[in-house]
Amino acid sequence: MAAFIIKRLIQSIFVMLAVSLLAFALFRFVGDPVAVMVGQETSVEDQERLREQLGLNDPVVVQYTRFVGSLVRGDFGFSYRTRQPIGEMILERMPATLELGIVSLLISLSVGIPAGIYTALRNDGVLANAILVVTLVGVSIPTFVIGIFLIYLFGVQLGWLPTFGRGDVVEIGWWKTNFLSLGGLRALILPAITLGVYQLTLTMRMVRSEMQDVMNTDFIKFAIARGIDYRTVHYRHALRNSMVPVITIIGLQFGGIIAFSIVTESVFQWPGMGLLFLDSIRYVDIPVMSVYLVIIALIFVIINLTVDILYFIIDPRVRLKAEGS
Amino acid sequence: MLSYWRRIRIENELLYLFLHNRVAQVAAVIATVAIFGAFFAPLIASTNPHDLASFDILDSFLPPAWTEDGDTRFLIGTDDQGRDLLSAILYGTRLSLLVGLSSVAFAAVLGTSLGLAAGYLGGRFDAVVMRIADVQLSLPAILTALLVDGVARGILPREQHEDLLLIVLTIAIGLSLWVNFARVARASTFVERNKEYVQAAEIMGQHPVRIMLVAILPNILGPLMVIGTIDLAVAILLEATLSFLGVGVPADQPSLGTLIRIGTEYIFSGEWWIVIFPSMTLILMIISVNILGDFFRTVLNPRLR
């Protein structure tokens, strides 16, 4: 167990080093940091002094080591555009994205898993076919169009729900939450559905094909042949075996949710990390872009690591293979 | 003598299955109309949305022709600048399809050549390509496209960036889609590599590049075509999303994504047609390409039939 985790940890560290190298290259070689920081009137000597001060004349390896060192210490530098410390900017916006992501993940899993099981077991039912058609339409409608339609229906026509921003938030320390006020919860509904729909169709498709695969295995056929009633076969034997990959699904969903939160946040002007990233692209705010890249990679690595470890605990086959080698 | 249809059935399975699949036929009709409309946009469209002289700001916000305040000159109304919405959608579809097709072509060439080489050569090259593919696969396509676009903005000077925007967009989308091609090409090449015809070519002393391109490639095209169709839908969706976010095509060129973005600014004031019609066009186009992709996959993969 310990050996397995340590091996995975070392791999993760290498991935993070590779990503930070990319982020460093972005920061250092895309555009000239000094030219962006100073005004038009600054003399060449002053620019040169600033360059020396920032250590931009040192060998690249030294600069990269310093870059990684400051990232590890949590010192992310300053934004070109707002001149604020990037760490603060991201920390301020992280709760908004995380809360939106968690709610849409819950929507996606709580609807997607039962729908996937149902359509896998009932291949020809009317409802199963209807669900399949809906999912085909679901993957074909861009996230932003879903958002716009929801805004038009519930915001403009019916006027039931807010369509803009986070609404009332309650502050717990620095963490601003939507969960503790009615206004905040109402503001959360439309963005969370928008973000959840696409993920929901993916979850459903994956659970469905996983369940179908398990239903085709010999042990299920044997269980049916033995005359065990279908309910027991489906929910005791098949479901239990097809739930292992759900962990992977949840892991993958996080990635999709983080990526598509950029789009959803833009449609609903939700003040999260995605909107920050989008602004940094629009205004070519390279430091923010590269820090965002590092933080997203860190989130991915942590999720992958957790998924691997969970697999190790849950699935005996993985455990045996790892111990055998 | 066999009847005409029986001959077709024997000679061409794909066509036979197509003729018995209503949904795929409808999808093909929609896709054909979209391609036709896009290709002949300059001939069909009543006005040219790129030409400032051809539209009048006084015509702005006219609702579709069948409504009370509609104008028969503009069948489905006009946008905020007085452009004919139908013409704008035709030109927008043209741009969306152009970017979609060229980025899929870019991804296909890049991914297939890497996958072919990885599958045929194996060893260290294979390991490196697949490791990169794994990393790329864990990054969602839209994130990759946004990053490439952002970096291009940083590298290129502003004026130049405007000119090269379409190329940047194509490369950004293409780079986020190559992995599927590479994985499928590699897996199929693994299977083909040990077949006799490849061994025969090797014994004849043919150059590896020639073996890959002339012997193996034609035999793995089927699954690659399926990926191509499915990825076309993804590429159109990505282009629309990037344009909607304001980091895609230039603002003065109507793409479906930019039209929808413009439209969203007016849904609160009741001008619904500006956002509805481009959205519907986009959705219909993506659904029909997806259905065709599903159809190809089922037909070419006997296991699913």
# chains A, B, ... in the order shown; residues from 1 in each chain; ligands from 1
$ interface_residues --of "chain A" --to "chain B" --cutoff "9 Å" --atoms "only C-alpha atoms" --output "mmCIF file with N, CA and C atoms, in the first residue's frame"
data_model
loop_
_atom_site.group_PDB
_atom_site.id
_atom_site.type_symbol
_atom_site.label_atom_id
_atom_site.label_comp_id
_atom_site.auth_asym_id
_atom_site.auth_seq_id
_atom_site.Cartn_x
_atom_site.Cartn_y
_atom_site.Cartn_z
ATOM 1 N N VAL A 15 4.626 15.244 -12.882
ATOM 2 C CA VAL A 15 3.630 15.936 -13.703
ATOM 3 C C VAL A 15 3.582 17.413 -13.343
ATOM 4 N N LEU A 26 5.656 30.064 -20.364
ATOM 5 C CA LEU A 26 4.591 31.003 -20.728
ATOM 6 C C LEU A 26 4.885 32.377 -20.134
ATOM 7 N N PHE A 29 8.640 33.736 -21.536
ATOM 8 C CA PHE A 29 8.984 33.949 -22.935
ATOM 9 C C PHE A 29 7.853 34.494 -23.800
ATOM 10 N N VAL A 30 6.625 34.501 -23.282
ATOM 11 C CA VAL A 30 5.539 35.097 -24.063
ATOM 12 C C VAL A 30 5.451 36.573 -23.691
ATOM 13 N N GLY A 31 5.883 37.408 -24.588
ATOM 14 C CA GLY A 31 5.909 38.839 -24.301
ATOM 15 C C GLY A 31 7.059 39.164 -23.343
ATOM 16 N N LEU A 136 -28.939 12.322 -26.626
ATOM 17 C CA LEU A 136 -28.287 12.688 -27.889
ATOM 18 C C LEU A 136 -28.445 14.193 -28.122
ATOM 19 N N VAL A 137 -29.669 14.674 -27.860
ATOM 20 C CA VAL A 137 -29.887 16.120 -27.982
ATOM 21 C C VAL A 137 -29.041 16.846 -26.934
ATOM 22 N N VAL A 139 -26.084 16.092 -25.615
ATOM 23 C CA VAL A 139 -24.671 16.295 -25.939
ATOM 24 C C VAL A 139 -24.499 17.232 -27.123
ATOM 25 N N SER A 140 -25.588 17.460 -27.879
ATOM 26 C CA SER A 140 -25.452 18.296 -29.068
ATOM 27 C C SER A 140 -25.726 19.772 -28.806
ATOM 28 N N ILE A 141 -26.334 20.089 -27.676
ATOM 29 C CA ILE A 141 -26.607 21.500 -27.397
ATOM 30 C C ILE A 141 -25.438 22.082 -26.617
ATOM 31 N N PRO A 142 -24.812 23.112 -27.154
ATOM 32 C CA PRO A 142 -23.688 23.721 -26.439
ATOM 33 C C PRO A 142 -24.136 24.250 -25.070
ATOM 34 N N THR A 143 -23.233 24.140 -24.095
ATOM 35 C CA THR A 143 -23.545 24.592 -22.742
ATOM 36 C C THR A 143 -24.102 26.013 -22.711
ATOM 37 N N PHE A 144 -23.483 26.901 -23.515
ATOM 38 C CA PHE A 144 -23.931 28.297 -23.414
ATOM 39 C C PHE A 144 -25.339 28.478 -23.954
ATOM 40 N N VAL A 145 -25.730 27.650 -24.940
ATOM 41 C CA VAL A 145 -27.093 27.763 -25.464
ATOM 42 C C VAL A 145 -28.100 27.286 -24.420
ATOM 43 N N ILE A 148 -28.526 30.086 -22.041
ATOM 44 C CA ILE A 148 -29.310 31.194 -22.584
ATOM 45 C C ILE A 148 -30.796 30.845 -22.591
ATOM 46 N N PHE A 149 -31.108 29.607 -22.995
ATOM 47 C CA PHE A 149 -32.518 29.194 -23.005
ATOM 48 C C PHE A 149 -33.104 29.214 -21.598
ATOM 49 N N ILE A 151 -32.115 31.077 -19.137
ATOM 50 C CA ILE A 151 -32.275 32.489 -18.757
ATOM 51 C C ILE A 151 -33.545 33.046 -19.384
ATOM 52 N N TYR A 152 -33.743 32.734 -20.667
ATOM 53 C CA TYR A 152 -34.917 33.272 -21.369
ATOM 54 C C TYR A 152 -36.207 32.763 -20.740
ATOM 55 N N GLY A 155 -35.854 33.353 -16.434
ATOM 56 C CA GLY A 155 -35.504 34.705 -16.029
ATOM 57 C C GLY A 155 -36.372 35.746 -16.706
ATOM 58 N N VAL A 156 -36.485 35.650 -18.042
ATOM 59 C CA VAL A 156 -37.183 36.698 -18.788
ATOM 60 C C VAL A 156 -38.675 36.426 -18.855
ATOM 61 N N LEU A 252 -13.371 12.080 -13.693
ATOM 62 C CA LEU A 252 -13.414 12.735 -15.002
ATOM 63 C C LEU A 252 -14.357 13.927 -15.003
ATOM 64 N N GLY A 255 -12.955 17.255 -13.973
ATOM 65 C CA GLY A 255 -12.236 17.937 -15.039
ATOM 66 C C GLY A 255 -13.174 18.680 -15.959
ATOM 67 N N GLY A 256 -14.222 17.976 -16.415
ATOM 68 C CA GLY A 256 -15.186 18.596 -17.317
ATOM 69 C C GLY A 256 -15.860 19.791 -16.671
ATOM 70 N N ILE A 258 -14.733 21.726 -14.264
ATOM 71 C CA ILE A 258 -13.836 22.877 -14.161
ATOM 72 C C ILE A 258 -13.727 23.591 -15.507
ATOM 73 N N ALA A 259 -13.611 22.784 -16.601
ATOM 74 C CA ALA A 259 -13.469 23.393 -17.924
ATOM 75 C C ALA A 259 -14.743 24.126 -18.334
ATOM 76 N N PHE A 260 -15.888 23.467 -18.158
ATOM 77 C CA PHE A 260 -17.119 24.081 -18.632
ATOM 78 C C PHE A 260 -17.632 25.151 -17.691
ATOM 79 N N ILE A 262 -15.998 27.585 -17.029
ATOM 80 C CA ILE A 262 -15.564 28.821 -17.692
ATOM 81 C C ILE A 262 -16.722 29.372 -18.524
ATOM 82 N N VAL A 263 -17.373 28.473 -19.293
ATOM 83 C CA VAL A 263 -18.468 28.895 -20.162
ATOM 84 C C VAL A 263 -19.674 29.330 -19.338
ATOM 85 N N SER A 266 -19.306 32.555 -17.652
ATOM 86 C CA SER A 266 -19.404 33.682 -18.572
ATOM 87 C C SER A 266 -20.858 34.007 -18.894
ATOM 88 N N VAL A 267 -21.690 32.968 -19.086
ATOM 89 C CA VAL A 267 -23.103 33.207 -19.417
ATOM 90 C C VAL A 267 -23.810 33.896 -18.260
ATOM 91 N N LEU A 278 -10.841 33.687 -18.149
ATOM 92 C CA LEU A 278 -11.296 34.234 -19.423
ATOM 93 C C LEU A 278 -10.826 35.676 -19.592
ATOM 94 N N SER A 280 -8.221 36.928 -18.200
ATOM 95 C CA SER A 280 -6.770 36.936 -18.373
ATOM 96 C C SER A 280 -6.404 36.623 -19.823
ATOM 97 N N ILE A 281 -7.221 35.790 -20.493
ATOM 98 C CA ILE A 281 -6.951 35.526 -21.912
ATOM 99 C C ILE A 281 -7.272 36.750 -22.750
ATOM 100 N N ARG A 282 -8.416 37.359 -22.467
ATOM 101 C CA ARG A 282 -8.830 38.520 -23.244
ATOM 102 C C ARG A 282 -7.819 39.650 -23.155
ATOM 103 N N TYR A 283 -7.271 39.879 -21.946
ATOM 104 C CA TYR A 283 -6.356 41.005 -21.774
ATOM 105 C C TYR A 283 -4.893 40.560 -21.786
ATOM 106 N N VAL A 284 -4.637 39.324 -22.242
ATOM 107 C CA VAL A 284 -3.286 38.774 -22.283
ATOM 108 C C VAL A 284 -2.556 38.999 -20.954
ATOM 109 N N ASP A 285 -3.214 38.603 -19.870
ATOM 110 C CA ASP A 285 -2.645 38.732 -18.540
ATOM 111 C C ASP A 285 -1.896 37.430 -18.237
ATOM 112 N N ILE A 286 -0.650 37.354 -18.769
ATOM 113 C CA ILE A 286 0.077 36.077 -18.748
ATOM 114 C C ILE A 286 0.265 35.494 -17.343
ATOM 115 N N MET A 289 -2.769 33.693 -16.263
ATOM 116 C CA MET A 289 -2.955 32.488 -17.066
ATOM 117 C C MET A 289 -2.079 31.356 -16.567
ATOM 118 N N LEU A 293 -3.182 27.818 -14.802
ATOM 119 C CA LEU A 293 -2.748 26.531 -15.358
ATOM 120 C C LEU A 293 -2.195 25.626 -14.266
ATOM 121 N N ALA A 297 -3.900 22.176 -12.871
ATOM 122 C CA ALA A 297 -3.138 20.929 -12.938
ATOM 123 C C ALA A 297 -3.049 20.283 -11.558
ATOM 124 N N PHE A 300 -6.275 18.577 -10.817
ATOM 125 C CA PHE A 300 -6.348 17.334 -11.586
ATOM 126 C C PHE A 300 -5.495 16.245 -10.944
#
$ select_by_dssp --residues "segment 95-216 of chain A" --states "helix (DSSP H, G or I)" --output "VMD selection string"
chain A and resid 95 to 121 126 to 140 143 to 157 182 to 215
$ residues_around --residues "Ser113 of chain B" --least-positions-apart "5" --cutoff "10 Å" --atoms "only C-alpha atoms" --output "PyMOL selection string"
chain B and resi 107-108+118-119+181-182+185-186+212-213+217
$ write_last_selection --atoms "N, CA and C atoms" --output "PDB file, in the first residue's frame"
ATOM      1  N   ALA B 107      -6.265  18.078 -37.115  1.00  0.00           N
ATOM      2  CA  ALA B 107      -6.161  17.070 -36.057  1.00  0.00           C
ATOM      3  C   ALA B 107      -5.976  15.683 -36.656  1.00  0.00           C
ATOM      4  N   ALA B 108      -6.676  15.404 -37.773  1.00  0.00           N
ATOM      5  CA  ALA B 108      -6.605  14.069 -38.377  1.00  0.00           C
ATOM      6  C   ALA B 108      -5.204  13.793 -38.902  1.00  0.00           C
ATOM      7  N   ALA B 118       3.623   5.612 -34.107  1.00  0.00           N
ATOM      8  CA  ALA B 118       3.733   5.001 -32.780  1.00  0.00           C
ATOM      9  C   ALA B 118       3.383   3.521 -32.842  1.00  0.00           C
ATOM     10  N   GLY B 119       2.328   3.196 -33.569  1.00  0.00           N
ATOM     11  CA  GLY B 119       1.888   1.813 -33.643  1.00  0.00           C
ATOM     12  C   GLY B 119       2.863   0.950 -34.435  1.00  0.00           C
ATOM     13  N   PHE B 181      -7.613  10.636 -32.744  1.00  0.00           N
ATOM     14  CA  PHE B 181      -7.085  10.069 -33.985  1.00  0.00           C
ATOM     15  C   PHE B 181      -5.852   9.224 -33.691  1.00  0.00           C
ATOM     16  N   ALA B 182      -4.960   9.762 -32.868  1.00  0.00           N
ATOM     17  CA  ALA B 182      -3.707   9.061 -32.582  1.00  0.00           C
ATOM     18  C   ALA B 182      -3.973   7.721 -31.909  1.00  0.00           C
ATOM     19  N   ALA B 185      -5.644   5.294 -34.465  1.00  0.00           N
ATOM     20  CA  ALA B 185      -4.699   4.896 -35.510  1.00  0.00           C
ATOM     21  C   ALA B 185      -3.666   3.928 -34.940  1.00  0.00           C
ATOM     22  N   ARG B 186      -3.207   4.203 -33.715  1.00  0.00           N
ATOM     23  CA  ARG B 186      -2.201   3.338 -33.102  1.00  0.00           C
ATOM     24  C   ARG B 186      -2.763   1.940 -32.846  1.00  0.00           C
ATOM     25  N   MET B 212       3.801   2.345 -44.144  1.00  0.00           N
ATOM     26  CA  MET B 212       2.770   2.959 -43.306  1.00  0.00           C
ATOM     27  C   MET B 212       1.702   3.631 -44.158  1.00  0.00           C
ATOM     28  N   LEU B 213       2.136   4.405 -45.138  1.00  0.00           N
ATOM     29  CA  LEU B 213       1.177   5.217 -45.885  1.00  0.00           C
ATOM     30  C   LEU B 213       0.431   4.417 -46.955  1.00  0.00           C
ATOM     31  N   LEU B 217      -2.213   2.459 -43.952  1.00  0.00           N
ATOM     32  CA  LEU B 217      -3.199   3.542 -43.842  1.00  0.00           C
ATOM     33  C   LEU B 217      -4.560   3.237 -44.485  1.00  0.00           C
TER      34      LEU B 217
END
$ residues_around --residues "Val111 of chain A" --least-positions-apart "3" --cutoff "9 Å" --atoms "only C-alpha atoms" --output "list in words"
Leu106, Ile107, Ser108, Pro114, Ala115, Gly116, Leu200, Thr203 and Met204 of chain A
$ residues_around --residues "Pro49 of chain B" --least-positions-apart "6" --cutoff "8 Å" --atoms "only C-alpha atoms" --output "PyMOL selection string"
chain B and resi 55+83-84+87-88+91+253-254
$ write_last_selection --atoms "C-alpha atoms" --output "compact mmCIF listing (two decimals), in the first residue's frame"
# COMPACT_ATOMS: atom_id res chain seq x y z
CA PHE B 55 -27.16 47.26 -44.54
CA ARG B 83 -28.06 43.13 -40.88
CA ASP B 84 -30.39 40.57 -42.41
CA SER B 87 -27.76 36.25 -44.52
CA ALA B 88 -25.73 36.52 -41.32
CA TYR B 91 -22.28 33.39 -43.64
CA GLN B 253 -17.19 38.36 -39.03
CA PRO B 254 -20.47 36.72 -38.11
$ residues_around --residues "Met206 of chain A" --least-positions-apart "6" --cutoff "12 Å" --atoms "only C-alpha atoms" --output "list of chain:residue names"
A:Leu109, A:Gly112, A:Ile113, A:Pro114, A:Ala115, A:Gly116, A:Ile117, A:Thr119, A:Ala120, A:Thr135, A:Gln199, A:Leu200, A:Gln212, A:Asp213, A:Ser242, A:Met243, A:Val244, A:Pro245, A:Val246, A:Ile247, A:Thr248, A:Ile249, A:Ile250, A:Leu252, A:Gln253
$ atom_distance --atom1 "atom CA of Ile313 of chain A" --atom2 "atom CA of Leu298 of chain A"
22.6 Å
$ residues_around --residues "Val288 of chain A" --least-positions-apart "6" --cutoff "12 Å" --atoms "only C-alpha atoms" --output "PDB file with N, CA, C and O atoms, in the first residue's frame"
ATOM      1  N   ALA A  23       4.255  26.540 -17.477  1.00  0.00           N
ATOM      2  CA  ALA A  23       3.779  27.817 -16.955  1.00  0.00           C
ATOM      3  C   ALA A  23       4.916  28.839 -16.910  1.00  0.00           C
ATOM      4  O   ALA A  23       4.726  30.013 -17.234  1.00  0.00           O
ATOM      5  N   PHE A  24       6.106  28.353 -16.539  1.00  0.00           N
ATOM      6  CA  PHE A  24       7.265  29.240 -16.482  1.00  0.00           C
ATOM      7  C   PHE A  24       7.605  29.756 -17.878  1.00  0.00           C
ATOM      8  O   PHE A  24       7.839  30.952 -18.074  1.00  0.00           O
ATOM      9  N   LEU A  26       5.656  30.064 -20.364  1.00  0.00           N
ATOM     10  CA  LEU A  26       4.591  31.003 -20.728  1.00  0.00           C
ATOM     11  C   LEU A  26       4.885  32.377 -20.134  1.00  0.00           C
ATOM     12  O   LEU A  26       4.868  33.401 -20.804  1.00  0.00           O
ATOM     13  N   PHE A  27       5.195  32.363 -18.846  1.00  0.00           N
ATOM     14  CA  PHE A  27       5.408  33.595 -18.106  1.00  0.00           C
ATOM     15  C   PHE A  27       6.647  34.337 -18.596  1.00  0.00           C
ATOM     16  O   PHE A  27       6.649  35.558 -18.757  1.00  0.00           O
ATOM     17  N   PHE A  76       2.414  33.862  -5.786  1.00  0.00           N
ATOM     18  CA  PHE A  76       2.091  33.681  -7.203  1.00  0.00           C
ATOM     19  C   PHE A  76       2.368  34.920  -8.055  1.00  0.00           C
ATOM     20  O   PHE A  76       2.001  34.962  -9.217  1.00  0.00           O
ATOM     21  N   GLY A  77       2.929  35.942  -7.476  1.00  0.00           N
ATOM     22  CA  GLY A  77       3.214  37.138  -8.264  1.00  0.00           C
ATOM     23  C   GLY A  77       2.001  38.044  -8.425  1.00  0.00           C
ATOM     24  O   GLY A  77       0.976  37.864  -7.764  1.00  0.00           O
ATOM     25  N   PHE A  78       2.149  39.011  -9.336  1.00  0.00           N
ATOM     26  CA  PHE A  78       1.106  40.019  -9.492  1.00  0.00           C
ATOM     27  C   PHE A  78       0.501  39.985 -10.882  1.00  0.00           C
ATOM     28  O   PHE A  78       1.170  39.651 -11.854  1.00  0.00           O
ATOM     29  N   SER A  79      -0.770  40.352 -10.961  1.00  0.00           N
ATOM     30  CA  SER A  79      -1.446  40.423 -12.249  1.00  0.00           C
ATOM     31  C   SER A  79      -0.960  41.642 -13.017  1.00  0.00           C
ATOM     32  O   SER A  79      -0.752  42.702 -12.434  1.00  0.00           O
ATOM     33  N   TYR A  80      -0.765  41.499 -14.343  1.00  0.00           N
ATOM     34  CA  TYR A  80      -0.381  42.654 -15.163  1.00  0.00           C
ATOM     35  C   TYR A  80      -1.497  43.685 -15.202  1.00  0.00           C
ATOM     36  O   TYR A  80      -1.280  44.869 -15.320  1.00  0.00           O
ATOM     37  N   ARG A  81      -2.724  43.196 -15.150  1.00  0.00           N
ATOM     38  CA  ARG A  81      -3.861  44.067 -15.425  1.00  0.00           C
ATOM     39  C   ARG A  81      -4.320  44.823 -14.180  1.00  0.00           C
ATOM     40  O   ARG A  81      -4.471  46.033 -14.194  1.00  0.00           O
ATOM     41  N   THR A  82      -4.522  44.079 -13.062  1.00  0.00           N
ATOM     42  CA  THR A  82      -5.079  44.734 -11.881  1.00  0.00           C
ATOM     43  C   THR A  82      -4.013  45.095 -10.853  1.00  0.00           C
ATOM     44  O   THR A  82      -4.305  45.779  -9.881  1.00  0.00           O
ATOM     45  N   ARG A  83      -2.764  44.581 -11.048  1.00  0.00           N
ATOM     46  CA  ARG A  83      -1.654  44.812 -10.115  1.00  0.00           C
ATOM     47  C   ARG A  83      -1.913  44.203  -8.752  1.00  0.00           C
ATOM     48  O   ARG A  83      -1.245  44.539  -7.780  1.00  0.00           O
ATOM     49  N   GLN A  84      -2.924  43.360  -8.609  1.00  0.00           N
ATOM     50  CA  GLN A  84      -3.190  42.704  -7.329  1.00  0.00           C
ATOM     51  C   GLN A  84      -2.359  41.433  -7.245  1.00  0.00           C
ATOM     52  O   GLN A  84      -1.986  40.874  -8.276  1.00  0.00           O
ATOM     53  N   PRO A  85      -2.117  40.927  -6.015  1.00  0.00           N
ATOM     54  CA  PRO A  85      -1.483  39.613  -5.902  1.00  0.00           C
ATOM     55  C   PRO A  85      -2.428  38.530  -6.439  1.00  0.00           C
ATOM     56  O   PRO A  85      -3.612  38.525  -6.095  1.00  0.00           O
ATOM     57  N   ILE A  86      -1.886  37.639  -7.306  1.00  0.00           N
ATOM     58  CA  ILE A  86      -2.735  36.647  -7.959  1.00  0.00           C
ATOM     59  C   ILE A  86      -3.319  35.661  -6.957  1.00  0.00           C
ATOM     60  O   ILE A  86      -4.462  35.242  -7.077  1.00  0.00           O
ATOM     61  N   GLY A  87      -2.524  35.318  -5.932  1.00  0.00           N
ATOM     62  CA  GLY A  87      -3.012  34.392  -4.917  1.00  0.00           C
ATOM     63  C   GLY A  87      -4.328  34.865  -4.319  1.00  0.00           C
ATOM     64  O   GLY A  87      -5.295  34.117  -4.234  1.00  0.00           O
ATOM     65  N   GLU A  88      -4.361  36.155  -3.946  1.00  0.00           N
ATOM     66  CA  GLU A  88      -5.594  36.713  -3.367  1.00  0.00           C
ATOM     67  C   GLU A  88      -6.739  36.667  -4.364  1.00  0.00           C
ATOM     68  O   GLU A  88      -7.862  36.326  -4.033  1.00  0.00           O
ATOM     69  N   MET A  89      -6.435  37.043  -5.638  1.00  0.00           N
ATOM     70  CA  MET A  89      -7.493  37.076  -6.657  1.00  0.00           C
ATOM     71  C   MET A  89      -8.139  35.703  -6.806  1.00  0.00           C
ATOM     72  O   MET A  89      -9.362  35.579  -6.875  1.00  0.00           O
ATOM     73  N   ILE A  90      -7.292  34.664  -6.842  1.00  0.00           N
ATOM     74  CA  ILE A  90      -7.839  33.327  -7.055  1.00  0.00           C
ATOM     75  C   ILE A  90      -8.566  32.822  -5.812  1.00  0.00           C
ATOM     76  O   ILE A  90      -9.654  32.263  -5.899  1.00  0.00           O
ATOM     77  N   MET A 273     -13.464  31.400 -10.760  1.00  0.00           N
ATOM     78  CA  MET A 273     -12.128  31.334 -11.346  1.00  0.00           C
ATOM     79  C   MET A 273     -12.171  31.307 -12.871  1.00  0.00           C
ATOM     80  O   MET A 273     -11.268  31.808 -13.538  1.00  0.00           O
ATOM     81  N   GLY A 274     -13.231  30.686 -13.424  1.00  0.00           N
ATOM     82  CA  GLY A 274     -13.341  30.589 -14.871  1.00  0.00           C
ATOM     83  C   GLY A 274     -13.407  31.959 -15.517  1.00  0.00           C
ATOM     84  O   GLY A 274     -12.754  32.242 -16.528  1.00  0.00           O
ATOM     85  N   LEU A 275     -14.207  32.844 -14.909  1.00  0.00           N
ATOM     86  CA  LEU A 275     -14.351  34.193 -15.441  1.00  0.00           C
ATOM     87  C   LEU A 275     -13.015  34.942 -15.360  1.00  0.00           C
ATOM     88  O   LEU A 275     -12.650  35.692 -16.268  1.00  0.00           O
ATOM     89  N   LEU A 276     -12.287  34.691 -14.262  1.00  0.00           N
ATOM     90  CA  LEU A 276     -10.969  35.302 -14.088  1.00  0.00           C
ATOM     91  C   LEU A 276     -10.019  34.854 -15.204  1.00  0.00           C
ATOM     92  O   LEU A 276      -9.314  35.661 -15.818  1.00  0.00           O
ATOM     93  N   PHE A 277     -10.040  33.537 -15.488  1.00  0.00           N
ATOM     94  CA  PHE A 277      -9.182  32.975 -16.532  1.00  0.00           C
ATOM     95  C   PHE A 277      -9.533  33.575 -17.896  1.00  0.00           C
ATOM     96  O   PHE A 277      -8.654  33.961 -18.673  1.00  0.00           O
ATOM     97  N   LEU A 278     -10.841  33.687 -18.149  1.00  0.00           N
ATOM     98  CA  LEU A 278     -11.296  34.234 -19.423  1.00  0.00           C
ATOM     99  C   LEU A 278     -10.826  35.676 -19.592  1.00  0.00           C
ATOM    100  O   LEU A 278     -10.357  36.078 -20.654  1.00  0.00           O
ATOM    101  N   ASP A 279     -10.937  36.448 -18.514  1.00  0.00           N
ATOM    102  CA  ASP A 279     -10.458  37.833 -18.570  1.00  0.00           C
ATOM    103  C   ASP A 279      -8.959  37.871 -18.827  1.00  0.00           C
ATOM    104  O   ASP A 279      -8.474  38.708 -19.584  1.00  0.00           O
ATOM    105  N   SER A 280      -8.221  36.928 -18.200  1.00  0.00           N
ATOM    106  CA  SER A 280      -6.770  36.936 -18.373  1.00  0.00           C
ATOM    107  C   SER A 280      -6.404  36.623 -19.823  1.00  0.00           C
ATOM    108  O   SER A 280      -5.401  37.115 -20.324  1.00  0.00           O
ATOM    109  N   ILE A 281      -7.221  35.790 -20.493  1.00  0.00           N
ATOM    110  CA  ILE A 281      -6.951  35.526 -21.912  1.00  0.00           C
ATOM    111  C   ILE A 281      -7.272  36.750 -22.750  1.00  0.00           C
ATOM    112  O   ILE A 281      -6.503  37.158 -23.623  1.00  0.00           O
ATOM    113  N   ARG A 282      -8.416  37.359 -22.467  1.00  0.00           N
ATOM    114  CA  ARG A 282      -8.830  38.520 -23.244  1.00  0.00           C
ATOM    115  C   ARG A 282      -7.819  39.650 -23.155  1.00  0.00           C
ATOM    116  O   ARG A 282      -7.539  40.316 -24.132  1.00  0.00           O
ATOM    117  N   VAL A 294      -1.315  26.183 -13.407  1.00  0.00           N
ATOM    118  CA  VAL A 294      -0.691  25.380 -12.349  1.00  0.00           C
ATOM    119  C   VAL A 294      -1.748  24.887 -11.358  1.00  0.00           C
ATOM    120  O   VAL A 294      -1.754  23.715 -10.957  1.00  0.00           O
ATOM    121  N   ILE A 295      -2.673  25.787 -10.979  1.00  0.00           N
ATOM    122  CA  ILE A 295      -3.673  25.396  -9.980  1.00  0.00           C
ATOM    123  C   ILE A 295      -4.613  24.328 -10.529  1.00  0.00           C
ATOM    124  O   ILE A 295      -4.934  23.344  -9.849  1.00  0.00           O
TER     125      ILE A 295
ATOM    126  N   LEU B 147      -6.282  27.779 -23.935  1.00  0.00           N
ATOM    127  CA  LEU B 147      -4.883  28.047 -23.619  1.00  0.00           C
ATOM    128  C   LEU B 147      -4.074  28.375 -24.870  1.00  0.00           C
ATOM    129  O   LEU B 147      -3.312  29.348 -24.889  1.00  0.00           O
ATOM    130  N   GLY B 150      -4.943  31.737 -26.005  1.00  0.00           N
ATOM    131  CA  GLY B 150      -4.369  32.751 -25.127  1.00  0.00           C
ATOM    132  C   GLY B 150      -2.885  32.963 -25.381  1.00  0.00           C
ATOM    133  O   GLY B 150      -2.406  34.093 -25.434  1.00  0.00           O
TER     134      GLY B 150
END
